[in-house]
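Here is the file data.cif (mmCIF, C-alpha atoms).
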data_target
loop_
_atom_site.label_atom_id
_atom_site.label_comp_id
_atom_site.auth_asym_id
_atom_site.auth_seq_id
_atom_site.Cartn_x
_atom_site.Cartn_y
_atom_site.Cartn_z
CA MET G 1 143.20 98.37 122.88
CA LYS G 2 141.90 95.75 120.47
CA LYS G 3 140.56 97.01 117.22
CA SER G 4 137.02 95.75 116.57
CA ALA G 5 136.35 94.08 113.25
CA PHE G 6 134.67 96.28 110.72
CA LEU G 7 132.14 94.23 108.72
CA ILE G 8 129.68 95.03 105.80
CA LEU G 9 126.80 92.59 105.27
CA ALA G 10 125.02 91.82 102.03
CA ILE G 11 122.92 88.68 101.83
CA PHE G 12 122.19 86.77 98.66
CA PHE G 13 119.50 84.10 98.75
CA SER G 14 118.22 81.93 95.92
CA PHE G 15 116.42 78.64 95.42
CA GLY G 16 114.39 76.97 92.70
CA VAL G 17 111.58 75.21 94.59
CA PRO G 18 108.55 77.11 95.94
CA ALA G 19 107.99 77.92 99.58
CA ARG G 20 104.25 77.30 99.39
CA ALA G 21 102.19 74.36 98.24
CA GLN G 22 100.59 74.42 94.83
CA LEU G 23 97.44 76.52 94.75
CA GLN G 24 94.05 75.24 93.68
CA ASN G 25 93.00 76.15 90.15
CA MET G 26 89.93 78.38 90.18
CA VAL G 27 87.64 80.11 87.71
CA LEU G 28 88.54 83.71 86.88
CA LEU G 29 85.82 86.37 86.59
CA GLU G 30 87.03 89.67 85.13
CA GLU G 31 84.80 92.74 85.21
CA ALA G 32 84.84 96.26 83.79
CA THR G 33 83.20 98.88 86.01
CA ASN G 34 83.28 102.59 86.87
CA ALA G 35 82.57 104.59 90.01
CA SER G 36 80.20 107.00 88.19
CA CYS G 37 78.16 104.30 86.45
CA PRO G 38 74.63 103.83 87.95
CA PRO G 39 74.16 100.29 86.53
CA CYS G 40 77.50 99.37 88.15
CA ALA G 41 76.21 100.49 91.54
CA ALA G 42 73.11 98.39 90.96
CA GLN G 43 74.87 95.19 89.83
CA ASN G 44 78.15 95.20 91.76
CA PRO G 45 76.59 94.18 95.11
CA THR G 46 75.05 91.15 93.36
CA LEU G 47 78.40 90.31 91.80
CA GLU G 48 80.21 90.62 95.13
CA GLN G 49 77.62 88.37 96.77
CA PHE G 50 78.13 85.84 93.97
CA LEU G 51 81.89 85.93 94.45
CA GLN G 52 81.61 85.52 98.22
CA GLY G 53 79.24 82.61 97.73
CA ASN G 54 81.76 80.94 95.43
CA ALA G 55 84.90 81.99 97.29
CA GLY G 56 86.40 78.51 97.11
CA SER G 57 86.08 78.23 93.35
CA VAL G 58 85.87 81.68 91.71
CA ILE G 59 88.39 84.56 91.68
CA GLY G 60 87.16 88.07 90.92
CA VAL G 61 89.03 91.09 89.57
CA SER G 62 87.68 94.49 88.46
CA TYR G 63 89.22 96.86 85.92
CA HIS G 64 87.97 100.44 86.09
CA ALA G 65 86.94 102.21 82.90
CA TRP G 66 87.35 105.78 81.68
CA TRP G 67 83.62 106.37 81.26
CA PRO G 68 81.18 107.66 82.34
CA GLY G 69 83.48 109.19 84.98
CA ALA G 70 86.98 109.86 83.63
CA GLY G 71 88.27 110.72 87.11
CA ASP G 72 87.67 107.32 88.70
CA PRO G 73 90.83 106.98 90.89
CA MET G 74 90.97 103.23 90.32
CA TYR G 75 91.15 103.91 86.58
CA THR G 76 93.64 106.77 86.80
CA GLY G 77 95.82 104.67 89.12
CA ASP G 78 96.94 102.62 86.08
CA VAL G 79 95.42 103.97 82.87
CA THR G 80 97.43 101.74 80.53
CA MET G 81 96.51 98.52 82.30
CA ASN G 82 92.81 99.33 82.61
CA ARG G 83 92.43 100.54 79.02
CA ASN G 84 94.21 97.54 77.54
CA ARG G 85 92.35 94.93 79.58
CA ILE G 86 89.00 96.54 78.86
CA THR G 87 89.62 96.79 75.10
CA TYR G 88 91.15 93.29 75.10
CA TYR G 89 87.74 91.82 75.93
CA SER G 90 85.84 94.52 73.97
CA PHE G 91 84.08 95.62 77.15
CA ASP G 92 84.14 99.12 75.69
CA ALA G 93 81.91 97.95 72.83
CA ILE G 94 79.21 96.82 75.27
CA GLY G 95 79.50 99.22 78.19
CA VAL G 96 79.93 98.93 81.92
CA PRO G 97 79.43 96.88 83.94
CA THR G 98 80.44 93.86 81.89
CA CYS G 99 82.29 90.65 82.77
CA VAL G 100 83.75 87.47 81.33
CA VAL G 101 84.24 84.05 82.90
CA ASN G 102 87.60 82.45 82.13
CA GLY G 103 87.94 84.92 79.27
CA GLN G 104 84.57 84.11 77.68
CA TYR G 105 81.19 85.85 77.71
CA ALA G 106 78.42 83.94 79.46
CA THR G 107 75.20 83.28 77.56
CA ALA G 108 72.69 85.84 78.78
CA THR G 109 69.48 84.74 80.53
CA ASN G 110 66.20 86.31 81.62
CA GLY G 111 66.48 89.37 79.38
CA TRP G 112 69.92 90.41 80.63
CA TYR G 113 72.52 91.72 78.19
CA GLN G 114 75.61 89.69 77.36
CA GLY G 115 78.22 89.89 80.10
CA ALA G 116 75.96 91.45 82.75
CA PRO G 117 77.46 90.91 86.24
CA GLY G 118 73.94 90.87 87.66
CA ASP G 119 72.93 87.86 85.54
CA VAL G 120 73.57 85.30 88.27
CA ASP G 121 72.02 82.40 86.35
CA ALA G 122 74.35 83.05 83.41
CA LEU G 123 77.38 83.34 85.69
CA THR G 124 76.48 80.15 87.55
CA THR G 125 76.23 78.18 84.31
CA ALA G 126 79.43 79.69 82.94
CA VAL G 127 81.35 78.83 86.11
CA SER G 128 80.02 75.27 86.06
CA ASP G 129 81.04 74.88 82.41
CA ALA G 130 84.50 76.28 83.15
CA GLN G 131 84.98 73.88 86.04
CA ALA G 132 84.26 70.96 83.75
CA VAL G 133 87.29 71.82 81.60
CA THR G 134 90.49 70.16 82.82
CA SER G 135 93.47 72.50 82.98
CA PRO G 136 96.97 71.17 82.28
CA TYR G 137 98.41 73.76 84.65
CA THR G 138 99.33 73.71 88.30
CA MET G 139 100.82 76.85 89.81
CA THR G 140 102.50 78.09 92.94
CA VAL G 141 102.70 81.78 93.79
CA ASN G 142 104.98 83.22 96.48
CA ARG G 143 105.17 86.84 97.64
CA PHE G 144 108.26 88.50 99.16
CA ALA G 145 108.14 92.03 100.59
CA GLN G 146 110.93 94.44 101.39
CA ASN G 147 110.40 98.08 102.39
CA ASP G 148 108.04 99.63 99.80
CA SER G 149 108.41 96.87 97.21
CA GLU G 150 107.35 93.31 96.57
CA GLU G 151 108.48 90.35 94.51
CA VAL G 152 106.01 87.82 93.15
CA GLN G 153 107.35 84.41 92.19
CA VAL G 154 105.18 82.18 90.00
CA ILE G 155 106.07 78.54 89.29
CA VAL G 156 104.07 77.02 86.44
CA ASN G 157 103.88 73.30 85.70
CA SER G 158 102.06 71.81 82.71
CA SER G 159 101.01 68.18 82.39
CA SER G 160 100.99 68.51 78.59
CA ALA G 161 103.19 70.28 76.07
CA VAL G 162 102.17 73.92 75.49
CA THR G 163 103.44 76.48 72.99
CA ASN G 164 103.30 80.23 73.30
CA ASP G 165 100.70 80.50 76.05
CA THR G 166 100.65 83.67 78.14
CA LEU G 167 101.14 84.02 81.88
CA ARG G 168 99.43 87.06 83.38
CA VAL G 169 99.86 88.26 86.95
CA ILE G 170 97.60 90.85 88.58
CA VAL G 171 98.10 92.58 91.93
CA VAL G 172 94.60 92.95 93.38
CA GLU G 173 93.37 94.98 96.36
CA ALA G 174 90.55 93.06 98.02
CA GLU G 175 88.70 96.06 99.46
CA HIS G 176 89.07 99.84 99.45
CA ASP G 177 86.80 102.59 100.77
CA TYR G 178 86.49 105.82 98.77
CA THR G 179 84.23 108.69 99.79
CA ASN G 180 84.25 110.42 96.40
CA ALA G 181 85.54 108.02 93.72
CA GLY G 182 82.59 108.85 91.50
CA THR G 183 78.95 109.89 91.40
CA ASN G 184 77.03 106.59 91.49
CA GLY G 185 76.94 106.33 95.30
CA GLU G 186 79.43 103.45 95.64
CA THR G 187 81.95 103.97 98.42
CA LYS G 188 83.25 100.43 98.95
CA PHE G 189 85.05 98.74 96.09
CA PHE G 190 86.25 95.15 95.80
CA GLN G 191 88.84 93.10 93.91
CA ILE G 192 90.46 96.18 92.36
CA ALA G 193 93.10 95.50 89.72
CA ARG G 194 96.07 97.64 90.81
CA LYS G 195 98.97 96.46 88.66
CA MET G 196 99.85 93.78 86.15
CA LEU G 197 103.29 92.16 86.13
CA PRO G 198 105.47 92.84 84.27
CA SER G 199 102.75 94.70 82.33
CA TYR G 200 99.33 94.13 80.79
CA LYS G 201 101.08 92.24 77.96
CA GLY G 202 101.91 89.30 80.22
CA THR G 203 104.72 86.83 79.58
CA ALA G 204 104.70 84.29 76.74
CA PHE G 205 106.13 80.86 77.48
CA SER G 206 106.28 77.29 76.21
CA LEU G 207 106.71 74.05 78.15
CA PRO G 208 107.18 70.36 77.37
CA ALA G 209 104.86 67.81 78.96
CA GLY G 210 105.66 67.71 82.66
CA GLY G 211 107.78 70.84 82.35
CA THR G 212 108.13 73.57 84.97
CA LYS G 213 109.10 77.21 84.62
CA SER G 214 109.68 79.86 87.28
CA PHE G 215 108.98 83.58 86.83
CA LEU G 216 109.93 86.45 89.13
CA PHE G 217 108.39 89.93 89.03
CA LYS G 218 109.11 93.00 91.14
CA TYR G 219 107.01 96.12 91.73
CA LYS G 220 106.66 99.04 94.14
CA TYR G 221 103.65 99.70 96.34
CA SER G 222 101.56 102.81 95.84
CA THR G 223 100.80 104.96 98.86
CA ASN G 224 97.19 104.93 97.66
CA TRP G 225 96.76 101.20 98.31
CA ASN G 226 95.92 99.26 101.45
CA THR G 227 98.89 96.93 101.25
CA ASP G 228 97.43 94.55 103.82
CA GLN G 229 94.57 93.94 101.35
CA LEU G 230 96.82 92.94 98.44
CA SER G 231 97.03 89.53 96.84
CA ALA G 232 98.42 88.22 93.56
CA ILE G 233 96.39 86.46 90.89
CA ALA G 234 98.24 84.40 88.31
CA PHE G 235 96.52 82.90 85.29
CA VAL G 236 97.43 81.36 81.96
CA GLU G 237 95.70 82.33 78.73
CA SER G 238 95.61 80.44 75.47
CA SER G 239 93.86 82.23 72.60
CA GLN G 240 92.03 84.50 75.07
CA SER G 241 90.71 81.51 77.04
CA VAL G 242 91.84 81.21 80.66
CA GLU G 243 93.18 77.71 81.30
CA GLY G 244 94.27 78.02 84.91
CA ALA G 245 93.97 80.70 87.59
CA VAL G 246 95.19 80.88 91.17
CA GLN G 247 95.25 83.52 93.91
CA THR G 248 97.59 83.88 96.87
CA VAL G 249 96.14 83.44 100.34
CA ASP G 250 99.24 84.20 102.44
CA ALA G 251 100.82 87.49 103.43
CA PRO G 252 104.22 88.11 101.79
CA GLN G 253 107.35 86.71 103.37
CA SER G 254 109.88 89.27 104.55
CA GLY G 255 112.95 89.77 102.37
CA PHE G 256 113.38 89.49 98.64
CA LEU G 257 113.95 86.13 97.02
CA ASP G 258 116.65 87.10 94.54
CA ALA G 259 118.79 89.45 96.63
CA VAL G 260 117.99 90.30 100.22
CA ALA G 261 119.98 93.30 101.37
CA ALA G 262 119.56 95.20 104.60
CA SER G 263 121.48 97.16 107.16
CA GLY G 264 123.51 95.12 109.58
CA PRO G 265 127.01 94.09 110.47
CA SER G 266 129.45 94.64 107.66
CA GLY G 267 132.08 92.59 105.94
CA ILE G 268 130.28 89.25 105.86
CA HIS G 269 128.74 88.07 102.60
CA VAL G 270 126.36 85.15 103.01
CA ARG G 271 124.60 82.81 100.61
CA ILE G 272 122.58 79.68 101.39
CA ALA G 273 123.13 77.11 98.65
CA GLY G 274 120.93 74.20 97.67
CA ASN G 275 117.16 73.94 97.40
CA PRO G 276 114.38 73.36 99.94
CA LEU G 277 114.07 69.64 99.11
CA GLU G 278 117.65 68.82 100.10
CA SER G 279 118.25 67.36 103.55
CA VAL G 280 121.62 69.11 103.87
CA ARG G 281 122.24 72.76 103.02
CA THR G 282 125.41 74.79 102.71
CA LEU G 283 125.85 78.28 104.09
CA ASP G 284 128.70 79.94 102.20
CA TYR G 285 130.14 83.08 103.74
CA SER G 286 133.13 85.28 103.20
CA LEU G 287 134.62 88.04 105.32
CA ASP G 288 136.14 91.36 104.41
CA ALA G 289 137.22 92.11 107.95
CA SER G 290 139.68 94.75 109.01
CA GLY G 291 141.55 94.48 112.27
CA GLU G 292 141.50 91.33 114.39
CA SER G 293 139.25 88.41 113.54
CA SER G 294 136.33 87.42 115.73
CA ASN G 295 133.81 84.58 115.92
CA VAL G 296 130.66 84.32 113.84
CA THR G 297 127.73 82.41 115.35
CA PHE G 298 124.88 81.04 113.25
CA SER G 299 121.53 79.77 114.51
CA ILE G 300 118.25 78.83 112.85
CA VAL G 301 115.01 80.45 114.00
CA ASP G 302 111.42 79.99 112.83
CA LEU G 303 109.12 82.80 111.73
CA LEU G 304 108.20 83.50 115.35
CA GLY G 305 111.85 84.05 116.22
CA ARG G 306 112.21 80.82 118.21
CA GLU G 307 115.59 79.14 117.92
CA VAL G 308 115.20 75.65 116.48
CA GLN G 309 118.84 74.79 115.79
CA ALA G 310 122.16 76.21 116.96
CA LEU G 311 125.00 76.05 114.46
CA GLY G 312 127.79 77.07 116.80
CA PRO G 313 130.61 79.62 116.51
CA GLN G 314 132.57 79.69 113.27
CA PRO G 315 135.98 81.15 112.45
CA ALA G 316 135.86 84.72 111.23
CA THR G 317 139.21 85.02 109.55
CA PRO G 318 139.15 86.97 106.29
CA GLY G 319 138.36 84.77 103.30
CA ASP G 320 135.79 82.20 102.19
CA HIS G 321 134.13 79.71 104.53
CA ALA G 322 131.41 77.06 104.27
CA LEU G 323 129.05 75.78 106.94
CA ILE G 324 127.14 72.59 106.13
CA PHE G 325 124.02 72.01 108.21
CA PRO G 326 121.21 69.39 108.17
CA THR G 327 117.56 70.29 107.61
CA ALA G 328 115.94 66.84 107.83
CA SER G 329 114.79 67.49 111.40
CA LEU G 330 113.09 70.75 110.45
CA SER G 331 109.43 70.82 109.45
CA SER G 332 108.53 72.18 106.02
CA GLY G 333 108.30 75.95 106.11
CA ALA G 334 110.20 79.24 106.13
CA TYR G 335 113.15 79.87 108.47
CA ARG G 336 115.95 82.35 109.00
CA VAL G 337 119.59 81.90 109.84
CA LEU G 338 120.78 84.50 112.32
CA ALA G 339 124.39 85.51 111.69
CA ARG G 340 125.85 87.09 114.83
CA THR G 341 129.19 88.87 114.87
CA SER G 342 130.78 91.34 117.23
CA ALA G 343 129.39 94.07 114.96
CA GLY G 344 125.76 92.98 115.09
CA VAL G 345 123.16 90.50 113.84
CA MET G 346 121.77 89.79 110.37
CA GLN G 347 119.05 87.41 109.19
CA VAL G 348 119.22 85.18 106.12
CA PRO G 349 115.89 83.64 104.98
CA PHE G 350 115.62 80.09 103.62
CA VAL G 351 112.94 77.47 103.06
CA VAL G 352 112.63 73.77 103.87
CA GLU G 353 110.31 71.54 101.84
CA HIS G 354 109.83 67.81 102.53
#
Let me see the structure of the file written as structure tokens.
Amino acid sequence: MKKSAFLILAIFFSFGVPARAQLQNMVLLEEATNASCPPCAAQNPTLEQFLQGNAGSVIGVSYHAWWPGAGDPMYTGDVTMNRNRITYYSFDAIGVPTCVVNGQYATATNGWYQGAPGDVDALTTAVSDAQAVTSPYTMTVNRFAQNDSEEVQVIVNSSSAVTNDTLRVIVVEAEHDYTNAGTNGETKFFQIARKMLPSYKGTAFSLPAGGTKSFLFKYKYSTNWNTDQLSAIAFVESSQSVEGAVQTVDAPQSGFLDAVAASGPSGIHVRIAGNPLESVRTLDYSLDASGESSNVTFSIVDLLGREVQALGPQPATPGDHALIFPTASLSSGAYRVLARTSAGVMQVPFVVEH
């Protein structure tokens, strides 16, 4: 009787060019609120209506404060983040609800207090003023999910030289229903700040004119979140002024960017070399097979699982192998290589960009 090959599979996948197109720079509106604050209940519907009316140009995010209700679950979910962002803008010196537009307080109108989310005229003017400022930044944000965790990749490009600016990334839940988050009567909450990556401190960076830098952050989901409502906001601050902000619009791709590992056939180690802009890619694989060798078959499928290119059977003798395959005929987008052996099937994600 022939001994079947015993194979262990670990997949390593890396590339330096983003899977998505650059995102449009938008204006960032950051608010402090609390689920037991009556003025918050009065002004938040107006703020949400303002954000919906400016959905193509304004991004909203809400940090939850520790007063007047210390038990607000959106505050207690990440105390350090909420406290530091609220004190960073001195929201605690004014009260809740309070907001800033691109890091700056709007000039109050019609008897409103400074930073009032219900002061629509002030917000409208502040957004218009912010849009008139040209940002040197363009950004791409990609999300990659695996099991209970997610990676967020941010690629930042600057048209001018910058020194010691700060990249901040916020995981935001678009909508969440609570029956007893507080005492002000609100049960539906929007644009909730859930986590900052790698922390509220952000990441300092510098770039030459025309320079590009890639950042990769990883975090675990909380069972208290609606993960299908999550998105990632990335923005750059310079001296507390927001100079560029973007928000993801796509669901995360399956499988981590830096090291995708999953159960599957064993003994075959696979890595796709090159970057999405190259018309020819190399699939490097090695085998730690015991017993007799068998064939390995590779094929390319799209995200719907449809085969778009067959790569044929390959030798499965122990050792290192390389399979060179063209990508010029493939449309830009995300794909997977299926690696089939006698022990099973494994998928290796890769991206094509023209």
Env of Ala108 of chain G: 12 Å cut, atoms = all atoms listed in the file, seq-sep filter 4 positions within chain, self excluded. Answer as a list of chain:residue names.
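Counting all atoms listed in the file, the residues come to G:Thr98, G:Cys99, G:Val100, G:Trp112, G:Tyr113, G:Gln114, G:Gly115, G:Ala116, G:Pro117, G:Gly118, G:Asp119, G:Val120, G:Asp121, G:Ala122, G:Leu123, G:Thr124, G:Thr125, G:Ala126.
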Record the distance separating atom CA of Trp225 of chain G and atom CA of Phe50 of chain G, expressed in Å with one decimal.
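These two atoms are separated by 24.5 Å.
The residues returned by the PyMOL selection byres ((chain G and resi 136) around 7) on the shown structure are G:Thr134, G:Ser135, G:Tyr137, G:Thr138, G:Ser158, G:Ser159, G:Ser160.
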Please enumerate the residues selected by the PyMOL selection byres ((chain G and resi 89) around 10) when evaluated against the supplied file, formatted as a list in words.
Glu30, Glu31, Ala32, Asn84, Arg85, Ile86, Thr87, Tyr88, Ser90, Phe91, Asp92, Ala93, Ile94, Thr98, Cys99, Val100, Gly103, Gln104, Tyr105 and Gln240 of chain G
Please expand the PyMOL selection byres ((chain G and resi 348) around 7) into the concrete residues it hits in this file, giving the result as an mmCIF file with C-alpha atoms, in the coordinates of the input.
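Below is the file that was written, expr-v2.cif:
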data_model
loop_
_atom_site.group_PDB
_atom_site.id
_atom_site.type_symbol
_atom_site.label_atom_id
_atom_site.label_comp_id
_atom_site.auth_asym_id
_atom_site.auth_seq_id
_atom_site.Cartn_x
_atom_site.Cartn_y
_atom_site.Cartn_z
ATOM 1 C CA ILE G 11 122.920 88.680 101.830
ATOM 2 C CA ARG G 336 115.950 82.350 109.000
ATOM 3 C CA VAL G 337 119.590 81.900 109.840
ATOM 4 C CA LEU G 338 120.780 84.500 112.320
ATOM 5 C CA MET G 346 121.770 89.790 110.370
ATOM 6 C CA GLN G 347 119.050 87.410 109.190
ATOM 7 C CA PRO G 349 115.890 83.640 104.980
ATOM 8 C CA PHE G 350 115.620 80.090 103.620
#
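Residues in contact range of Gly185 of chain G, defined as at most 8 Å between only C-alpha atoms, with sequence neighbours fewer than 4 positions away removed, read G:Ala35, G:Ser36, G:Ala41.
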Since we have the selection now, will you write its residues out, keeping C-alpha atoms, as an mmCIF file, in the coordinates of the input?
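Written file, again.cif:
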data_model
loop_
_atom_site.group_PDB
_atom_site.id
_atom_site.type_symbol
_atom_site.label_atom_id
_atom_site.label_comp_id
_atom_site.auth_asym_id
_atom_site.auth_seq_id
_atom_site.Cartn_x
_atom_site.Cartn_y
_atom_site.Cartn_z
ATOM 1 C CA ALA G 35 82.570 104.590 90.010
ATOM 2 C CA SER G 36 80.200 107.000 88.190
ATOM 3 C CA ALA G 41 76.210 100.490 91.540
#
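Across the structure, atom CA of Ala204 of chain G and atom CA of Ser222 of chain G are spaced 26.8 Å apart.
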Expressed in Å to a single decimal, how great is the separation between atom CA of Glu173 of chain G and atom CA of Phe190 of chain G?
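That distance, rounded to one decimal, is 7.1 Å.
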